[in-house]
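**Student:** coords-v3.cif is reproduced below (mmCIF, C-alpha atoms).
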data_structure
loop_
_atom_site.group_PDB
_atom_site.id
_atom_site.type_symbol
_atom_site.label_atom_id
_atom_site.label_comp_id
_atom_site.auth_asym_id
_atom_site.auth_seq_id
_atom_site.Cartn_x
_atom_site.Cartn_y
_atom_site.Cartn_z
ATOM 1 C CA MET S 211 -19.053 -28.496 40.602
ATOM 2 C CA LYS S 212 -22.106 -27.285 38.657
ATOM 3 C CA ARG S 213 -20.431 -23.900 38.188
ATOM 4 C CA ILE S 214 -17.596 -25.582 36.314
ATOM 5 C CA LEU S 215 -19.632 -28.174 34.466
ATOM 6 C CA ILE S 216 -22.266 -25.885 32.906
ATOM 7 C CA PRO S 217 -19.770 -23.582 31.097
ATOM 8 C CA PHE S 218 -17.934 -26.635 29.833
ATOM 9 C CA VAL S 219 -21.096 -28.150 28.430
ATOM 10 C CA LEU S 220 -21.940 -24.820 26.770
ATOM 11 C CA VAL S 221 -18.466 -24.598 25.248
ATOM 12 C CA LEU S 222 -18.844 -28.172 24.027
ATOM 13 C CA ILE S 223 -22.180 -27.439 22.341
ATOM 14 C CA LEU S 224 -20.904 -24.206 20.763
ATOM 15 C CA SER S 225 -17.797 -25.964 19.481
ATOM 16 C CA VAL S 226 -19.842 -28.701 17.867
ATOM 17 C CA LEU S 227 -22.166 -26.153 16.268
ATOM 18 C CA SER S 228 -19.314 -24.022 14.950
ATOM 19 C CA ILE S 229 -17.503 -27.063 13.566
ATOM 20 C CA SER S 230 -20.605 -28.332 11.815
ATOM 21 C CA ALA S 231 -21.280 -24.845 10.383
ATOM 22 C CA ALA S 232 -17.690 -24.551 9.162
ATOM 23 C CA LEU S 233 -17.853 -27.979 7.575
ATOM 24 C CA ALA S 234 -21.169 -27.232 5.896
ATOM 25 C CA GLN S 235 -19.797 -24.436 3.718
ATOM 26 C CA VAL S 236 -17.384 -24.921 0.830
ATOM 27 C CA GLU S 237 -14.975 -22.246 -0.296
ATOM 28 C CA THR S 238 -14.765 -22.220 -4.069
ATOM 29 C CA ARG S 239 -12.629 -20.056 -6.330
ATOM 30 C CA VAL S 240 -14.274 -18.971 -9.566
ATOM 31 C CA ARG S 241 -12.125 -17.563 -12.356
ATOM 32 C CA ILE S 242 -13.720 -16.300 -15.514
ATOM 33 C CA ILE S 243 -11.315 -16.189 -18.427
ATOM 34 C CA GLU S 244 -11.346 -15.104 -22.031
ATOM 35 C CA ALA S 245 -9.240 -17.469 -24.081
ATOM 36 C CA SER S 246 -8.357 -16.347 -27.583
ATOM 37 C CA ASN S 247 -5.757 -16.303 -30.294
ATOM 38 C CA VAL S 248 -5.552 -12.522 -30.279
ATOM 39 C CA GLY S 249 -2.090 -11.711 -28.995
ATOM 40 C CA SER S 250 -0.143 -14.034 -26.748
ATOM 41 C CA ASN S 251 -0.663 -12.576 -23.330
ATOM 42 C CA ILE S 252 -1.213 -15.042 -20.518
ATOM 43 C CA ASP S 253 -2.293 -13.670 -17.175
ATOM 44 C CA PRO S 254 0.281 -14.800 -14.534
ATOM 45 C CA SER S 255 -2.487 -15.851 -12.133
ATOM 46 C CA LEU S 256 -3.744 -18.352 -14.719
ATOM 47 C CA ARG S 257 -0.503 -20.318 -15.087
ATOM 48 C CA ASP S 258 -1.918 -23.317 -13.212
ATOM 49 C CA ILE S 259 -4.885 -23.530 -15.594
ATOM 50 C CA THR S 260 -2.978 -22.887 -18.794
ATOM 51 C CA ASP S 261 -0.461 -25.584 -17.837
ATOM 52 C CA GLN S 262 -3.343 -28.030 -17.434
ATOM 53 C CA VAL S 263 -5.283 -27.236 -20.609
ATOM 54 C CA ARG S 264 -2.358 -26.556 -22.945
ATOM 55 C CA SER S 265 -2.504 -30.106 -24.270
ATOM 56 C CA LEU S 266 -6.210 -29.720 -25.078
ATOM 57 C CA PHE S 267 -6.490 -26.231 -26.566
ATOM 58 C CA SER S 268 -4.487 -24.121 -28.959
ATOM 59 C CA PHE S 269 -5.305 -20.726 -27.486
ATOM 60 C CA ARG S 270 -2.396 -18.296 -27.241
ATOM 61 C CA SER S 271 -3.945 -15.711 -24.970
ATOM 62 C CA TYR S 272 -5.669 -16.132 -21.602
ATOM 63 C CA ARG S 273 -7.147 -12.995 -20.030
ATOM 64 C CA LEU S 274 -8.623 -13.005 -16.539
ATOM 65 C CA LEU S 275 -11.986 -11.258 -16.489
ATOM 66 C CA ARG S 276 -13.052 -12.055 -12.954
ATOM 67 C CA ASP S 277 -11.554 -13.819 -9.929
ATOM 68 C CA GLU S 278 -13.865 -14.446 -7.038
ATOM 69 C CA THR S 279 -14.008 -16.747 -4.020
ATOM 70 C CA VAL S 280 -17.476 -17.759 -2.918
ATOM 71 C CA SER S 281 -18.673 -19.631 0.164
ATOM 72 C CA LEU S 282 -21.187 -22.206 -0.951
ATOM 73 C CA ARG S 283 -23.777 -23.413 1.536
ATOM 74 C CA PRO S 284 -26.040 -26.395 0.975
ATOM 75 C CA ASN S 285 -28.908 -25.686 -1.402
ATOM 76 C CA GLN S 286 -28.246 -21.947 -1.488
ATOM 77 C CA PRO S 287 -27.551 -20.919 -5.113
ATOM 78 C CA ILE S 288 -25.014 -18.179 -5.754
ATOM 79 C CA MET S 289 -25.264 -16.165 -8.973
ATOM 80 C CA ILE S 290 -22.205 -14.679 -10.636
ATOM 81 C CA PRO S 291 -22.680 -12.459 -13.673
ATOM 82 C CA VAL S 292 -20.428 -13.586 -16.500
ATOM 83 C CA HIS S 293 -21.459 -11.383 -19.341
ATOM 84 C CA PRO S 294 -24.293 -8.917 -19.722
ATOM 85 C CA ARG S 295 -26.360 -11.750 -21.140
ATOM 86 C CA ARG S 296 -24.931 -14.677 -19.196
ATOM 87 C CA SER S 297 -24.716 -15.749 -15.572
ATOM 88 C CA LEU S 298 -23.200 -18.592 -13.609
ATOM 89 C CA GLU S 299 -25.193 -20.281 -10.849
ATOM 90 C CA LEU S 300 -23.436 -22.480 -8.279
ATOM 91 C CA THR S 301 -25.264 -24.601 -5.717
ATOM 92 C CA LEU S 302 -23.705 -26.866 -3.135
ATOM 93 C CA ILE S 303 -25.711 -30.072 -3.199
ATOM 94 C CA GLY S 304 -23.777 -31.962 -0.575
ATOM 95 C CA GLU S 305 -20.421 -33.012 0.699
ATOM 96 C CA GLN S 306 -19.209 -36.568 1.065
ATOM 97 C CA ARG S 307 -15.824 -37.567 2.383
ATOM 98 C CA GLY S 308 -14.045 -34.399 1.367
ATOM 99 C CA SER S 309 -15.712 -34.188 -2.016
ATOM 100 C CA ALA S 310 -18.157 -31.318 -2.586
ATOM 101 C CA GLU S 311 -20.985 -31.939 -5.018
ATOM 102 C CA ILE S 312 -21.755 -28.705 -6.824
ATOM 103 C CA ARG S 313 -24.445 -28.062 -9.383
ATOM 104 C CA VAL S 314 -23.328 -25.624 -12.047
ATOM 105 C CA LYS S 315 -25.670 -23.803 -14.372
ATOM 106 C CA ILE S 316 -24.774 -21.353 -17.087
ATOM 107 C CA LYS S 317 -27.716 -19.231 -18.096
ATOM 108 C CA GLN S 318 -28.110 -17.068 -21.155
ATOM 109 C CA ASP S 319 -31.168 -14.869 -21.411
ATOM 110 C CA LYS S 320 -32.901 -16.959 -18.701
ATOM 111 C CA THR S 321 -32.206 -20.156 -20.642
ATOM 112 C CA ASP S 322 -29.990 -22.847 -19.169
ATOM 113 C CA ILE S 323 -27.288 -23.472 -21.733
ATOM 114 C CA LEU S 324 -25.519 -25.851 -19.362
ATOM 115 C CA ASN S 325 -26.695 -27.847 -16.390
ATOM 116 C CA THR S 326 -24.110 -30.080 -14.768
ATOM 117 C CA GLN S 327 -23.086 -31.469 -11.427
ATOM 118 C CA VAL S 328 -19.436 -31.882 -10.520
ATOM 119 C CA ARG S 329 -17.442 -33.264 -7.613
ATOM 120 C CA LEU S 330 -14.816 -30.853 -6.414
ATOM 121 C CA THR S 331 -11.988 -32.020 -4.230
ATOM 122 C CA PRO S 332 -9.288 -29.726 -2.875
ATOM 123 C CA GLY S 333 -6.628 -29.127 -5.508
ATOM 124 C CA ARG S 334 -8.840 -30.162 -8.399
ATOM 125 C CA THR S 335 -9.972 -27.654 -11.008
ATOM 126 C CA VAL S 336 -12.934 -28.093 -13.285
ATOM 127 C CA SER S 337 -13.001 -25.844 -16.340
ATOM 128 C CA ILE S 338 -16.093 -25.088 -18.371
ATOM 129 C CA GLY S 339 -15.673 -23.440 -21.722
ATOM 130 C CA GLY S 340 -17.038 -22.999 -25.169
ATOM 131 C CA PRO S 341 -19.409 -20.029 -25.378
ATOM 132 C CA LYS S 342 -18.206 -17.122 -27.507
ATOM 133 C CA HIS S 343 -16.970 -14.080 -25.656
ATOM 134 C CA GLY S 344 -15.740 -11.076 -27.588
ATOM 135 C CA GLN S 345 -12.981 -12.159 -29.917
ATOM 136 C CA GLY S 346 -12.349 -15.322 -27.978
ATOM 137 C CA THR S 347 -14.005 -18.045 -25.955
ATOM 138 C CA LEU S 348 -15.315 -18.004 -22.432
ATOM 139 C CA LEU S 349 -13.591 -20.310 -19.948
ATOM 140 C CA ILE S 350 -14.786 -20.712 -16.358
ATOM 141 C CA ALA S 351 -12.452 -22.391 -13.897
ATOM 142 C CA LEU S 352 -13.833 -23.732 -10.610
ATOM 143 C CA SER S 353 -11.429 -24.756 -7.880
ATOM 144 C CA ARG S 354 -12.112 -25.804 -4.356
ATOM 145 C CA LEU S 355 -9.946 -24.143 -1.730
ATOM 146 C CA MET A 867 -21.227 -88.282 106.130
ATOM 147 C CA LYS A 868 -23.260 -90.698 104.067
ATOM 148 C CA ARG A 869 -25.864 -88.017 103.367
ATOM 149 C CA GLU A 870 -23.074 -85.589 102.347
ATOM 150 C CA CYS A 871 -21.551 -88.224 100.047
ATOM 151 C CA SER A 872 -24.896 -88.843 98.446
ATOM 152 C CA SER A 873 -25.443 -85.158 97.676
ATOM 153 C CA VAL A 874 -21.814 -84.700 96.503
ATOM 154 C CA SER A 875 -21.941 -87.700 94.211
ATOM 155 C CA LYS A 876 -24.924 -86.115 92.443
ATOM 156 C CA LEU A 877 -22.836 -83.024 91.835
ATOM 157 C CA LEU A 878 -19.740 -84.817 90.614
ATOM 158 C CA ASP A 879 -20.796 -84.727 86.946
ATOM 159 C CA LYS A 880 -21.247 -80.961 87.078
ATOM 160 C CA TYR A 881 -18.012 -80.609 89.079
ATOM 161 C CA PHE A 882 -16.152 -82.579 86.470
ATOM 162 C CA ASP A 883 -17.501 -80.258 83.780
ATOM 163 C CA HIS A 884 -16.718 -77.117 85.841
ATOM 164 C CA GLU A 885 -20.392 -76.237 86.033
ATOM 165 C CA VAL A 886 -20.815 -76.056 89.800
ATOM 166 C CA THR A 887 -21.228 -72.904 91.894
ATOM 167 C CA GLU A 888 -18.543 -71.641 94.233
ATOM 168 C CA GLY A 889 -20.442 -73.028 97.244
ATOM 169 C CA GLU A 890 -20.869 -76.457 95.624
ATOM 170 C CA LYS A 891 -17.211 -76.478 94.614
ATOM 171 C CA SER A 892 -16.115 -75.729 98.223
ATOM 172 C CA LEU A 893 -18.341 -78.481 99.494
ATOM 173 C CA ILE A 894 -16.951 -81.054 97.024
ATOM 174 C CA ASP A 895 -13.323 -79.947 97.523
ATOM 175 C CA GLY A 896 -13.820 -80.376 101.282
ATOM 176 C CA HIS A 897 -15.455 -83.779 100.871
ATOM 177 C CA LEU A 898 -13.129 -85.450 98.366
ATOM 178 C CA PRO A 899 -10.028 -85.895 100.612
ATOM 179 C CA ASP A 900 -12.150 -87.873 103.103
ATOM 180 C CA CYS A 901 -14.204 -89.931 100.558
ATOM 181 C CA PRO A 902 -12.305 -92.541 98.519
ATOM 182 C CA ALA A 903 -15.538 -93.585 96.755
ATOM 183 C CA CYS A 904 -16.158 -90.101 95.337
ATOM 184 C CA ARG A 905 -12.479 -89.792 94.375
ATOM 185 C CA ARG A 906 -12.748 -93.063 92.475
ATOM 186 C CA THR A 907 -15.857 -91.885 90.695
ATOM 187 C CA LEU A 908 -14.108 -88.668 89.692
ATOM 188 C CA GLN A 909 -11.001 -90.593 88.618
ATOM 189 C CA SER A 910 -13.106 -92.908 86.461
ATOM 190 C CA MET A 911 -14.669 -89.881 84.774
ATOM 191 C CA GLU A 912 -11.184 -88.531 84.074
ATOM 192 C CA ASN A 913 -10.072 -91.864 82.673
ATOM 193 C CA LEU A 914 -13.124 -92.046 80.436
ATOM 194 C CA ARG A 915 -12.476 -88.571 79.091
ATOM 195 C CA THR A 916 -8.833 -89.408 78.365
ATOM 196 C CA LEU A 917 -9.955 -92.585 76.687
ATOM 197 C CA ILE A 918 -12.289 -90.723 74.339
ATOM 198 C CA LYS A 919 -10.202 -87.591 73.791
ATOM 199 C CA ARG A 920 -6.997 -89.157 72.475
ATOM 200 C CA PRO A 921 -8.475 -91.105 69.503
ATOM 201 C CA VAL A 922 -10.677 -88.167 68.560
ATOM 202 C CA GLU A 923 -7.688 -85.816 68.497
ATOM 203 C CA GLU A 924 -5.636 -88.308 66.508
ATOM 204 C CA ALA A 925 -8.443 -88.718 63.987
ATOM 205 C CA ALA A 926 -8.852 -84.970 63.667
ATOM 206 C CA GLU A 927 -5.136 -84.514 63.032
ATOM 207 C CA LYS A 928 -5.170 -87.091 60.237
ATOM 208 C CA GLU A 929 -8.386 -85.833 58.693
ATOM 209 C CA VAL A 930 -8.284 -83.127 55.969
ATOM 210 C CA PHE A 931 -11.297 -80.907 55.663
ATOM 211 C CA PRO A 932 -11.251 -79.628 52.038
ATOM 212 C CA TRP A 933 -14.539 -77.820 52.305
ATOM 213 C CA VAL A 934 -13.198 -75.853 55.262
ATOM 214 C CA TRP A 935 -10.141 -74.748 53.300
ATOM 215 C CA GLU A 936 -12.250 -73.844 50.279
ATOM 216 C CA LYS A 937 -14.405 -71.652 52.438
ATOM 217 C CA ILE A 938 -11.393 -69.999 53.998
ATOM 218 C CA GLU A 939 -9.689 -69.401 50.638
ATOM 219 C CA ARG A 940 -12.877 -67.936 49.173
ATOM 220 C CA GLY A 941 -13.085 -65.608 52.121
ATOM 221 C CA ILE A 942 -9.469 -64.534 51.598
ATOM 222 C CA ARG A 943 -10.083 -63.876 47.876
ATOM 223 C CA GLU A 944 -13.159 -61.796 48.578
ATOM 224 C CA THR A 945 -11.308 -59.634 51.040
ATOM 225 C CA GLU A 946 -8.308 -59.242 48.714
ATOM 226 C CA LYS A 947 -10.233 -58.483 45.458
ATOM 227 C CA PRO A 948 -12.386 -55.344 45.637
ATOM 228 C CA ALA A 949 -15.225 -54.629 43.225
ATOM 229 C CA LEU A 950 -14.395 -52.917 39.882
ATOM 230 C CA TRP A 951 -16.104 -49.705 40.860
ATOM 231 C CA ASP A 952 -14.254 -49.658 44.203
ATOM 232 C CA PHE A 953 -11.027 -50.230 42.309
ATOM 233 C CA LEU A 954 -11.730 -47.321 39.923
ATOM 234 C CA ARG A 955 -12.763 -45.068 42.741
ATOM 235 C CA SER A 956 -9.666 -45.850 44.721
ATOM 236 C CA TRP A 957 -7.564 -45.264 41.596
ATOM 237 C CA LEU A 958 -9.203 -41.885 40.915
ATOM 238 C CA ASN A 959 -8.630 -40.862 44.488
ATOM 239 C CA VAL A 960 -4.962 -41.657 44.227
ATOM 240 C CA THR A 961 -3.775 -38.061 44.102
ATOM 241 C CA PRO A 962 -5.121 -34.894 45.731
ATOM 242 C CA LEU A 963 -5.501 -33.431 42.207
ATOM 243 C CA LEU A 964 -7.899 -36.167 41.158
ATOM 244 C CA ARG A 965 -9.610 -36.131 44.519
ATOM 245 C CA ARG A 966 -10.753 -32.593 43.693
ATOM 246 C CA LYS A 967 -12.647 -34.099 40.755
ATOM 247 C CA ILE A 968 -10.747 -32.077 38.149
ATOM 248 C CA TRP A 969 -11.092 -35.094 35.888
ATOM 249 C CA ILE A 970 -14.700 -34.182 34.982
ATOM 250 C CA PRO A 971 -13.799 -30.873 33.273
ATOM 251 C CA ALA A 972 -10.673 -32.561 31.932
ATOM 252 C CA LEU A 973 -12.817 -35.208 30.262
ATOM 253 C CA ALA A 974 -15.089 -32.484 28.839
ATOM 254 C CA ALA A 975 -12.052 -30.639 27.450
ATOM 255 C CA ALA A 976 -10.740 -33.863 25.910
ATOM 256 C CA ALA A 977 -14.129 -34.506 24.314
ATOM 257 C CA ILE A 978 -14.128 -30.988 22.805
ATOM 258 C CA LEU A 979 -10.632 -31.519 21.458
ATOM 259 C CA ILE A 980 -11.573 -34.848 19.905
ATOM 260 C CA LEU A 981 -14.692 -33.349 18.314
ATOM 261 C CA MET A 982 -12.616 -30.529 16.841
ATOM 262 C CA ILE A 983 -9.820 -32.706 15.490
ATOM 263 C CA ALA A 984 -11.721 -35.798 14.329
ATOM 264 C CA PRO A 985 -13.638 -34.144 11.417
ATOM 265 C CA LEU A 986 -10.438 -32.514 10.149
ATOM 266 C CA LEU A 987 -8.621 -35.841 10.167
ATOM 267 C CA TYR A 988 -11.570 -37.476 8.482
ATOM 268 C CA VAL A 989 -11.605 -34.848 5.721
ATOM 269 C CA LYS A 990 -7.842 -35.116 5.198
ATOM 270 C CA ILE A 991 -7.746 -38.885 5.056
ATOM 271 C CA SER A 992 -10.724 -39.569 2.880
ATOM 272 C CA SER A 993 -10.876 -38.780 -0.786
ATOM 273 C CA HIS A 994 -12.377 -40.369 -3.823
ATOM 274 C CA PRO A 995 -9.867 -40.150 -6.638
ATOM 275 C CA ALA A 996 -11.515 -43.027 -8.443
ATOM 276 C CA LEU A 997 -14.915 -41.341 -8.750
ATOM 277 C CA SER A 998 -15.798 -39.344 -11.821
ATOM 278 C CA VAL A 999 -15.598 -35.594 -11.329
ATOM 279 C CA VAL A 1000 -18.583 -34.895 -13.570
ATOM 280 C CA GLU A 1001 -21.694 -36.599 -12.247
ATOM 281 C CA TYR A 1002 -23.953 -35.490 -15.064
ATOM 282 C CA VAL A 1003 -24.049 -32.876 -17.773
ATOM 283 C CA GLU A 1004 -26.859 -31.691 -20.023
ATOM 284 C CA SER A 1005 -27.514 -28.877 -22.445
ATOM 285 C CA GLU A 1006 -30.478 -28.214 -24.697
ATOM 286 C CA THR A 1007 -28.680 -25.653 -26.806
ATOM 287 C CA HIS A 1008 -25.131 -26.973 -27.176
ATOM 288 C CA ASN A 1009 -23.255 -30.177 -27.828
ATOM 289 C CA VAL A 1010 -21.209 -31.040 -24.774
ATOM 290 C CA MET A 1011 -17.962 -32.921 -24.427
ATOM 291 C CA VAL A 1012 -16.204 -33.818 -21.188
ATOM 292 C CA TYR A 1013 -12.415 -34.220 -21.002
ATOM 293 C CA GLU A 1014 -11.012 -35.882 -17.958
ATOM 294 C CA LEU A 1015 -7.292 -36.455 -17.650
ATOM 295 C CA GLU A 1016 -6.812 -38.239 -14.338
ATOM 296 C CA ASN A 1017 -2.996 -38.076 -14.279
ATOM 297 C CA GLN A 1018 -3.020 -34.271 -14.673
ATOM 298 C CA LYS A 1019 -6.133 -33.772 -12.559
ATOM 299 C CA VAL A 1020 -7.744 -31.929 -15.445
ATOM 300 C CA THR A 1021 -11.457 -31.844 -16.114
ATOM 301 C CA VAL A 1022 -12.901 -29.715 -18.886
ATOM 302 C CA ILE A 1023 -16.532 -29.435 -19.955
ATOM 303 C CA TRP A 1024 -16.698 -27.945 -23.419
ATOM 304 C CA LEU A 1025 -19.780 -26.537 -25.091
ATOM 305 C CA PHE A 1026 -19.843 -26.771 -28.890
ATOM 306 C CA ASN A 1027 -22.178 -24.507 -30.756
ATOM 307 C CA GLY A 1028 -21.292 -25.562 -34.302
ATOM 308 C CA LEU A 1029 -18.362 -26.561 -36.428
ATOM 309 C CA GLU A 1030 -16.702 -23.144 -36.371
ATOM 310 C CA GLU A 1031 -16.255 -23.283 -32.576
ATOM 311 C CA GLY A 1032 -14.972 -26.808 -32.659
ATOM 312 C CA ALA A 1033 -12.206 -25.584 -34.974
ATOM 313 C CA SER A 1034 -10.718 -23.481 -32.165
ATOM 314 C CA THR A 1035 -9.798 -26.556 -30.177
ATOM 315 C CA SER A 1036 -6.838 -28.694 -31.109
#
Can I see the file as structure tokens?
**Tutor:**
Amino acid sequence: MKRILIPFVLVLILSVLSISAALAQVETRVRIIEASNVGSNIDPSLRDITDQVRSLFSFRSYRLLRDETVSLRPNQPIMIPVHPRRSLELTLIGEQRGSAEIRVKIKQDKTDILNTQVRLTPGRTVSIGGPKHGQGTLLIALSRL
Amino acid sequence: MKRECSSVSKLLDKYFDHEVTEGEKSLIDGHLPDCPACRRTLQSMENLRTLIKRPVEEAAEKEVFPWVWEKIERGIRETEKPALWDFLRSWLNVTPLLRRKIWIPALAAAAILILMIAPLLYVKISSHPALSVVEYVESETHNVMVYELENQKVTVIWLFNGLEEGASTS
């Protein structure tokens, strides 16, 4: 009986550990976009975002600069370069009932130009924009997968 | 004869109660046909017993002994109703499959399955649509505005760095 029971207990423990590890990390899609009025080209992969923000902004062109999916783990910041002088820092603070709390910092020359904390639920996109980028404006879209 | 009668009459009580030895019984059986006095004594004992026995039996037949029945019924219940653990054990031993104690690994497998499924269900069911998406926002260098359109699930944090940038928004 012990020969059967011990492997089962081990499998049980490993399953619990793997589940807790899988639940601890949050997959987040980061899209960095240049929105401008130069031309009228809209990147096809940004249709979901442009449909959402069309009522708010009058930009005609949306160009995808970077599309990345990151795995956020609690209290482990992830840096994403946005521009030679700017960077985006994402930190998973916690997760409660399907809602991931993420701290977002945008740094420019080692200065925090934005420090915010958002709740990301699957299917919800949070966009951060405003800083100048080339001939347009920088827009960062965060979506939880 | 008189001496024999005297010794037999002393044994008549025991004879009546079937407590005499074989030798004593032979002696009395041999003496009784020839001794009317001893026969009368024995007959009177018989009469006395009949006299006492009949009313006692009649009284016993009429009498109900509830405490006796209670005791008997309790005894029947105890024999019919096994303990819970005995019941479970007998139930688990109902098939040869369960008798091999496969149910222990089966329970472990069920526990694993529950642990794997339960968090996923929990995540799917629970959500907080009513809570604000932006918990806090601060900037030392820019003016910040937060747009939240709940019906379109849109949240935008916009950094303003002066009037010229604000002009680009509608």
**Student:** Just give me the gap between atom CA of Leu300 of chain S and atom CA of Ile312 of chain S in Å, one decimal is fine.
**Tutor:**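 A separation of 6.6 Å between them.
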**Student:** Residues near segment 280-286 of chain S, anyone? I mean within 7 Å using all atoms listed in the file, not counting same-chain ones fewer than 3 positions away, as a short mmCIF file (atom, residue, chain, number, x, y, z; two decimals) with C-alpha atoms, in the coordinates of the input.
**Tutor:**
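Result file is part32.cif:
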data_model
loop_
_atom_site.label_atom_id
_atom_site.label_comp_id
_atom_site.auth_asym_id
_atom_site.auth_seq_id
_atom_site.Cartn_x
_atom_site.Cartn_y
_atom_site.Cartn_z
CA ALA S 234 -21.17 -27.23 5.90
CA GLN S 235 -19.80 -24.44 3.72
CA VAL S 236 -17.38 -24.92 0.83
CA GLU S 237 -14.98 -22.25 -0.30
CA THR S 238 -14.76 -22.22 -4.07
CA ARG S 239 -12.63 -20.06 -6.33
CA THR S 301 -25.26 -24.60 -5.72
CA LEU S 302 -23.70 -26.87 -3.14
CA ILE S 303 -25.71 -30.07 -3.20
CA GLY S 304 -23.78 -31.96 -0.57
#
**Student:** Between atom CA of Gly896 of chain A and atom CA of Met911 of chain A, what is the distance, to one decimal in Å?
**Tutor:**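 So the two atoms, atom CA of Gly896 of chain A and atom CA of Met911 of chain A, lie 19.1 Å apart.
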**Student:** How far is it from atom CA of Ala984 of chain A to atom CA of Arg334 of chain S, in Å with one decimal?
**Tutor:**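 Between atom CA of Ala984 of chain A and atom CA of Arg334 of chain S the gap works out to 23.6 Å.
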**Student:** For Leu986 of chain A, which residue among S:Lys320, S:Arg307, S:His293, S:Arg270 is the nearest when counting all atoms listed in the file?
**Tutor:** S:Arg307
**Student:** Here is a test: counting all atoms listed in the file, which residue of A:Ile983, A:Leu878, A:Leu973, A:Val1020 is nearest to chain S?
**Tutor:**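 Selected residue with least distance to chain S: A:Val1020.
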**Student:** Using only C-alpha atoms, which residues sit within 7 Å of Ile350 of chain S once same-chain residues fewer than 3 positions away are excluded, as a PyMOL selection string?
**Tutor:** chain S and resi 241-243+337-339
**Student:** Sorted by chain and rising residue number, list the residues of chain S at most 7 Å from chain A (counting only C-alpha atoms), each with its closest atom pair and distance in Å to one decimal, as a Markdown table.
**Tutor:**
| residue | atom | partner | partner_atom | distance |
| --- | --- | --- | --- | --- |
| S:Leu215 | CA | A:Pro971 | CA | 6.5 |
| S:Phe218 | CA | A:Ala974 | CA | 6.6 |
| S:Leu222 | CA | A:Ile978 | CA | 5.6 |
| S:Val226 | CA | A:Leu981 | CA | 7.0 |
| S:Ile229 | CA | A:Met982 | CA | 6.8 |
| S:Gln262 | CA | A:Val1020 | CA | 6.2 |
| S:Leu266 | CA | A:Ser1036 | CA | 6.1 |
| S:Phe267 | CA | A:Thr1035 | CA | 4.9 |
| S:Ser268 | CA | A:Ser1036 | CA | 5.6 |
| S:Arg307 | CA | A:Ser992 | CA | 5.5 |
| S:Gly308 | CA | A:Val989 | CA | 5.0 |
| S:Ser309 | CA | A:Ser993 | CA | 6.8 |
| S:Ile323 | CA | A:Ser1005 | CA | 5.5 |
| S:Leu324 | CA | A:Ser1005 | CA | 4.8 |
| S:Asn325 | CA | A:Glu1004 | CA | 5.3 |
| S:Thr326 | CA | A:Val1003 | CA | 4.1 |
| S:Gln327 | CA | A:Glu1001 | CA | 5.4 |
| S:Val328 | CA | A:Val1000 | CA | 4.4 |
| S:Arg329 | CA | A:Val999 | CA | 4.8 |
| S:Leu330 | CA | A:Val999 | CA | 6.9 |
| S:Arg334 | CA | A:Lys1019 | CA | 6.1 |
| S:Thr335 | CA | A:Val1020 | CA | 6.6 |
| S:Val336 | CA | A:Thr1021 | CA | 4.9 |
| S:Ser337 | CA | A:Val1022 | CA | 4.6 |
| S:Ile338 | CA | A:Ile1023 | CA | 4.6 |
| S:Gly339 | CA | A:Trp1024 | CA | 4.9 |
| S:Gly340 | CA | A:Leu1025 | CA | 4.5 |
| S:Pro341 | CA | A:Leu1025 | CA | 6.5 |
